[in-house]
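**Q** Sharing model_27.tsv here; it has TSV, N, CA and C atoms.
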chain	number	residue	atom	x	y	z
A	10	MET	N	109.62	-111.94	-6.37
A	10	MET	CA	108.61	-111.30	-7.19
A	10	MET	C	107.27	-111.36	-6.47
A	11	GLY	N	106.68	-110.24	-6.24
A	11	GLY	CA	105.42	-110.20	-5.54
A	11	GLY	C	104.25	-110.16	-6.51
A	12	ILE	N	103.07	-110.13	-5.95
A	12	ILE	CA	101.86	-110.12	-6.76
A	12	ILE	C	101.76	-108.85	-7.59
A	13	HIS	N	102.32	-107.75	-7.10
A	13	HIS	CA	102.21	-106.50	-7.83
A	13	HIS	C	103.03	-106.51	-9.12
A	14	HIS	N	103.99	-107.40	-9.25
A	14	HIS	CA	104.78	-107.49	-10.48
A	14	HIS	C	104.07	-108.33	-11.55
A	15	THR	N	103.21	-109.21	-11.15
A	15	THR	CA	102.56	-110.10	-12.13
A	15	THR	C	101.15	-109.65	-12.47
A	16	TYR	N	100.59	-108.72	-11.73
A	16	TYR	CA	99.21	-108.30	-11.96
A	16	TYR	C	99.04	-107.70	-13.35
A	17	LYS	N	99.91	-106.74	-13.71
A	17	LYS	CA	99.80	-106.10	-15.03
A	17	LYS	C	100.17	-107.06	-16.15
A	18	ALA	N	101.06	-107.98	-15.87
A	18	ALA	CA	101.48	-108.94	-16.89
A	18	ALA	C	100.32	-109.86	-17.27
A	19	GLN	N	99.39	-110.07	-16.38
A	19	GLN	CA	98.26	-110.97	-16.63
A	19	GLN	C	97.00	-110.22	-17.06
A	20	ALA	N	97.12	-108.93	-17.34
A	20	ALA	CA	95.95	-108.13	-17.70
A	20	ALA	C	95.30	-108.65	-18.98
A	21	GLY	N	96.09	-109.00	-19.98
A	21	GLY	CA	95.54	-109.51	-21.23
A	21	GLY	C	94.82	-110.83	-21.04
A	22	GLU	N	95.37	-111.67	-20.21
A	22	GLU	CA	94.74	-112.97	-19.92
A	22	GLU	C	93.39	-112.77	-19.23
A	23	ARG	N	93.36	-111.84	-18.28
A	23	ARG	CA	92.10	-111.56	-17.58
A	23	ARG	C	91.07	-110.95	-18.54
A	24	ALA	N	91.51	-110.09	-19.44
A	24	ALA	CA	90.60	-109.47	-20.41
A	24	ALA	C	90.01	-110.53	-21.35
A	25	ASN	N	90.85	-111.47	-21.79
A	25	ASN	CA	90.36	-112.54	-22.66
A	25	ASN	C	89.36	-113.42	-21.93
A	26	LYS	N	89.63	-113.71	-20.69
A	26	LYS	CA	88.72	-114.55	-19.90
A	26	LYS	C	87.37	-113.85	-19.74
A	27	LYS	N	87.41	-112.55	-19.47
A	27	LYS	CA	86.18	-111.78	-19.30
A	27	LYS	C	85.41	-111.71	-20.63
A	28	GLN	N	86.11	-111.52	-21.74
A	28	GLN	CA	85.46	-111.45	-23.05
A	28	GLN	C	84.83	-112.80	-23.40
A	29	ASN	N	85.54	-113.90	-23.13
A	29	ASN	CA	84.99	-115.22	-23.40
A	29	ASN	C	83.74	-115.49	-22.58
A	30	LYS	N	83.75	-115.04	-21.34
A	30	LYS	CA	82.57	-115.19	-20.48
A	30	LYS	C	81.38	-114.42	-21.06
A	31	GLN	N	81.63	-113.22	-21.58
A	31	GLN	CA	80.56	-112.41	-22.18
A	31	GLN	C	80.04	-113.06	-23.44
A	32	TYR	N	80.92	-113.59	-24.29
A	32	TYR	CA	80.49	-114.28	-25.51
A	32	TYR	C	79.63	-115.50	-25.17
A	33	GLU	N	80.03	-116.24	-24.16
A	33	GLU	CA	79.27	-117.42	-23.75
A	33	GLU	C	77.87	-117.01	-23.27
A	34	LYS	N	77.80	-115.93	-22.51
A	34	LYS	CA	76.51	-115.43	-22.02
A	34	LYS	C	75.62	-115.00	-23.18
A	35	GLU	N	76.19	-114.31	-24.17
A	35	GLU	CA	75.43	-113.88	-25.35
A	35	GLU	C	74.95	-115.09	-26.15
A	36	ARG	N	75.80	-116.11	-26.29
A	36	ARG	CA	75.45	-117.31	-27.04
A	36	ARG	C	74.27	-118.02	-26.38
A	37	ARG	N	74.32	-118.16	-25.06
A	37	ARG	CA	73.21	-118.80	-24.35
A	37	ARG	C	71.92	-117.99	-24.49
A	38	SER	N	72.05	-116.67	-24.46
A	38	SER	CA	70.88	-115.80	-24.60
A	38	SER	C	70.26	-115.96	-25.99
A	39	ARG	N	71.10	-115.99	-27.03
A	39	ARG	CA	70.59	-116.18	-28.40
A	39	ARG	C	69.90	-117.53	-28.54
A	40	ASN	N	70.49	-118.57	-27.95
A	40	ASN	CA	69.89	-119.90	-28.03
A	40	ASN	C	68.52	-119.94	-27.36
A	41	ARG	N	68.41	-119.29	-26.20
A	41	ARG	CA	67.11	-119.23	-25.51
A	41	ARG	C	66.09	-118.49	-26.36
A	42	LYS	N	66.52	-117.41	-27.00
A	42	LYS	CA	65.62	-116.62	-27.85
A	42	LYS	C	65.13	-117.45	-29.03
A	43	ILE	N	66.03	-118.20	-29.65
A	43	ILE	CA	65.65	-119.05	-30.79
A	43	ILE	C	64.67	-120.13	-30.34
A	44	LEU	N	64.92	-120.75	-29.21
A	44	LEU	CA	64.01	-121.78	-28.69
A	44	LEU	C	62.64	-121.20	-28.40
A	45	ARG	N	62.61	-120.01	-27.81
A	45	ARG	CA	61.35	-119.35	-27.49
A	45	ARG	C	60.56	-119.06	-28.77
A	46	GLN	N	61.25	-118.59	-29.82
A	46	GLN	CA	60.58	-118.29	-31.08
A	46	GLN	C	60.02	-119.56	-31.71
A	47	GLN	N	60.77	-120.65	-31.65
A	47	GLN	CA	60.30	-121.91	-32.21
A	47	GLN	C	59.09	-122.43	-31.46
A	48	GLN	N	59.08	-122.27	-30.15
A	48	GLN	CA	57.94	-122.70	-29.35
A	48	GLN	C	56.71	-121.86	-29.68
A	49	GLU	N	56.89	-120.56	-29.87
A	49	GLU	CA	55.78	-119.68	-30.22
A	49	GLU	C	55.21	-120.07	-31.58
A	50	GLN	N	56.07	-120.39	-32.54
A	50	GLN	CA	55.60	-120.79	-33.86
A	50	GLN	C	54.83	-122.10	-33.76
A	51	GLY	N	55.28	-123.01	-32.92
A	51	GLY	CA	54.58	-124.28	-32.72
A	51	GLY	C	53.22	-124.07	-32.11
A	52	LYS	N	53.11	-123.13	-31.19
A	52	LYS	CA	51.81	-122.82	-30.56
A	52	LYS	C	50.86	-122.22	-31.58
A	53	LEU	N	51.39	-121.38	-32.46
A	53	LEU	CA	50.53	-120.75	-33.46
A	53	LEU	C	50.00	-121.77	-34.46
A	54	LYS	N	50.78	-122.79	-34.77
A	54	LYS	CA	50.32	-123.82	-35.69
A	54	LYS	C	49.22	-124.67	-35.06
A	55	ASP	N	49.29	-124.87	-33.76
A	55	ASP	CA	48.30	-125.68	-33.07
A	55	ASP	C	46.98	-124.95	-32.86
A	56	SER	N	47.00	-123.65	-32.85
A	56	SER	CA	45.79	-122.89	-32.59
A	56	SER	C	45.03	-122.61	-33.89
A	57	TYR	N	43.78	-122.31	-33.75
A	57	TYR	CA	42.93	-122.02	-34.90
A	57	TYR	C	42.26	-120.68	-34.68
A	58	VAL	N	42.27	-119.84	-35.69
A	58	VAL	CA	41.64	-118.53	-35.62
A	58	VAL	C	40.46	-118.52	-36.58
A	59	VAL	N	39.31	-118.11	-36.09
A	59	VAL	CA	38.12	-118.03	-36.91
A	59	VAL	C	38.27	-116.84	-37.85
A	60	PRO	N	38.06	-117.05	-39.17
A	60	PRO	CA	38.21	-115.95	-40.12
A	60	PRO	C	37.17	-114.85	-39.90
A	61	ASP	N	37.48	-113.66	-40.40
A	61	ASP	CA	36.54	-112.55	-40.31
A	61	ASP	C	35.28	-112.86	-41.11
A	62	GLY	N	34.16	-112.41	-40.63
A	62	GLY	CA	32.90	-112.59	-41.32
A	62	GLY	C	32.21	-113.91	-40.99
A	63	VAL	N	32.84	-114.75	-40.17
A	63	VAL	CA	32.24	-116.02	-39.79
A	63	VAL	C	31.84	-115.92	-38.32
A	64	THR	N	30.61	-116.26	-38.02
A	64	THR	CA	30.11	-116.22	-36.65
A	64	THR	C	30.46	-117.53	-35.95
A	65	LEU	N	31.09	-117.42	-34.83
A	65	LEU	CA	31.48	-118.59	-34.05
A	65	LEU	C	30.26	-119.11	-33.29
A	66	THR	N	29.93	-120.36	-33.49
A	66	THR	CA	28.77	-120.95	-32.82
A	66	THR	C	29.22	-122.03	-31.86
A	67	LEU	N	28.33	-122.42	-30.97
A	67	LEU	CA	28.63	-123.46	-30.00
A	67	LEU	C	28.90	-124.79	-30.70
A	68	ASP	N	28.21	-125.03	-31.81
A	68	ASP	CA	28.41	-126.26	-32.57
A	68	ASP	C	29.84	-126.35	-33.12
A	69	MET	N	30.39	-125.22	-33.54
A	69	MET	CA	31.77	-125.20	-34.04
A	69	MET	C	32.77	-125.57	-32.95
A	70	ILE	N	32.49	-125.17	-31.76
A	70	ILE	CA	33.41	-125.41	-30.64
A	70	ILE	C	33.31	-126.84	-30.13
A	71	THR	N	32.11	-127.38	-30.05
A	71	THR	CA	31.90	-128.65	-29.37
A	71	THR	C	31.85	-129.87	-30.28
A	72	ASP	N	31.71	-129.70	-31.59
A	72	ASP	CA	31.59	-130.85	-32.48
A	72	ASP	C	32.96	-131.51	-32.70
A	73	PRO	N	33.16	-132.75	-32.23
A	73	PRO	CA	34.47	-133.39	-32.36
A	73	PRO	C	34.80	-133.78	-33.80
A	74	LYS	N	33.83	-133.88	-34.66
A	74	LYS	CA	34.07	-134.28	-36.05
A	74	LYS	C	34.69	-133.14	-36.86
A	75	ARG	N	34.52	-131.92	-36.41
A	75	ARG	CA	35.05	-130.77	-37.14
A	75	ARG	C	36.55	-130.59	-36.91
A	76	ASN	N	37.04	-130.93	-35.75
A	76	ASN	CA	38.47	-130.77	-35.40
A	76	ASN	C	38.96	-129.34	-35.62
A	77	GLY	N	38.16	-128.38	-35.26
A	77	GLY	CA	38.57	-127.00	-35.37
A	77	GLY	C	38.39	-126.38	-36.73
A	78	LYS	N	37.85	-127.12	-37.68
A	78	LYS	CA	37.65	-126.60	-39.03
A	78	LYS	C	36.24	-126.06	-39.18
A	79	ILE	N	36.12	-125.04	-39.99
A	79	ILE	CA	34.81	-124.44	-40.23
A	79	ILE	C	34.30	-124.87	-41.58
In structure tokens, write the structure found in this file.

**A**
Amino acid sequence: MGIHHTYKAQAGERANKKQNKQYEKERRSRNRKILRQQQEQGKLKDSYVVPDGVTLTLDMITDPKRNGKI
């Protein structure tokens, strides 16, 4: 029995292996996306945005007692 007799017989096995590889790649991609979103949300919580109608002054930026609060 040569290789040409077993090639077609193993087609399903090769297809499953290829599909599993694709699923694994998609799973890793989704995990990276979730981690990136969580990091972005963490950065947004750490930052402070001055509300509209409030003038940003040097005292607001440099006063350590304010801790970013207006």

**Q** If you run DSSP on this backbone, which residues of chain A come out as helix (DSSP H, G or I), and could you give them as number ranges by chain?

**A** A: 12-15, 17-55, 67-71

**Q** Hey, can you check how far CA of Met69 in chain A sits from CA of Lys54 in chain A?

**A** 18.7 Å

**Q** What is the CA of Gln50 in chain A-CA of Gln31 in chain A distance in Å, reported with one decimal?

**A**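 Pair CA of Gln50 in chain A / CA of Gln31 in chain A returns 28.8 Å.
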
**Q** Enclose range 15-34 of chain A, meaning all of its atoms listed in the file, in a box aligned along x, y and z, pad it by 8 Å on each side, and list the centre and edge lengths in Å to one decimal, as lines of an AutoDock Vina configuration file.

**A**
center_x = 89.4
center_y = -111.8
center_z = -18.3
size_x = 43.6
size_y = 27.3
size_z = 30.4

**Q** Work out how far apart CA of Asp61 in chain A and atom C of Arg45 in chain A are and give it in Å to one decimal.

**A**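 Going from CA of Asp61 in chain A over to atom C of Arg45 in chain A covers 27.4 Å.
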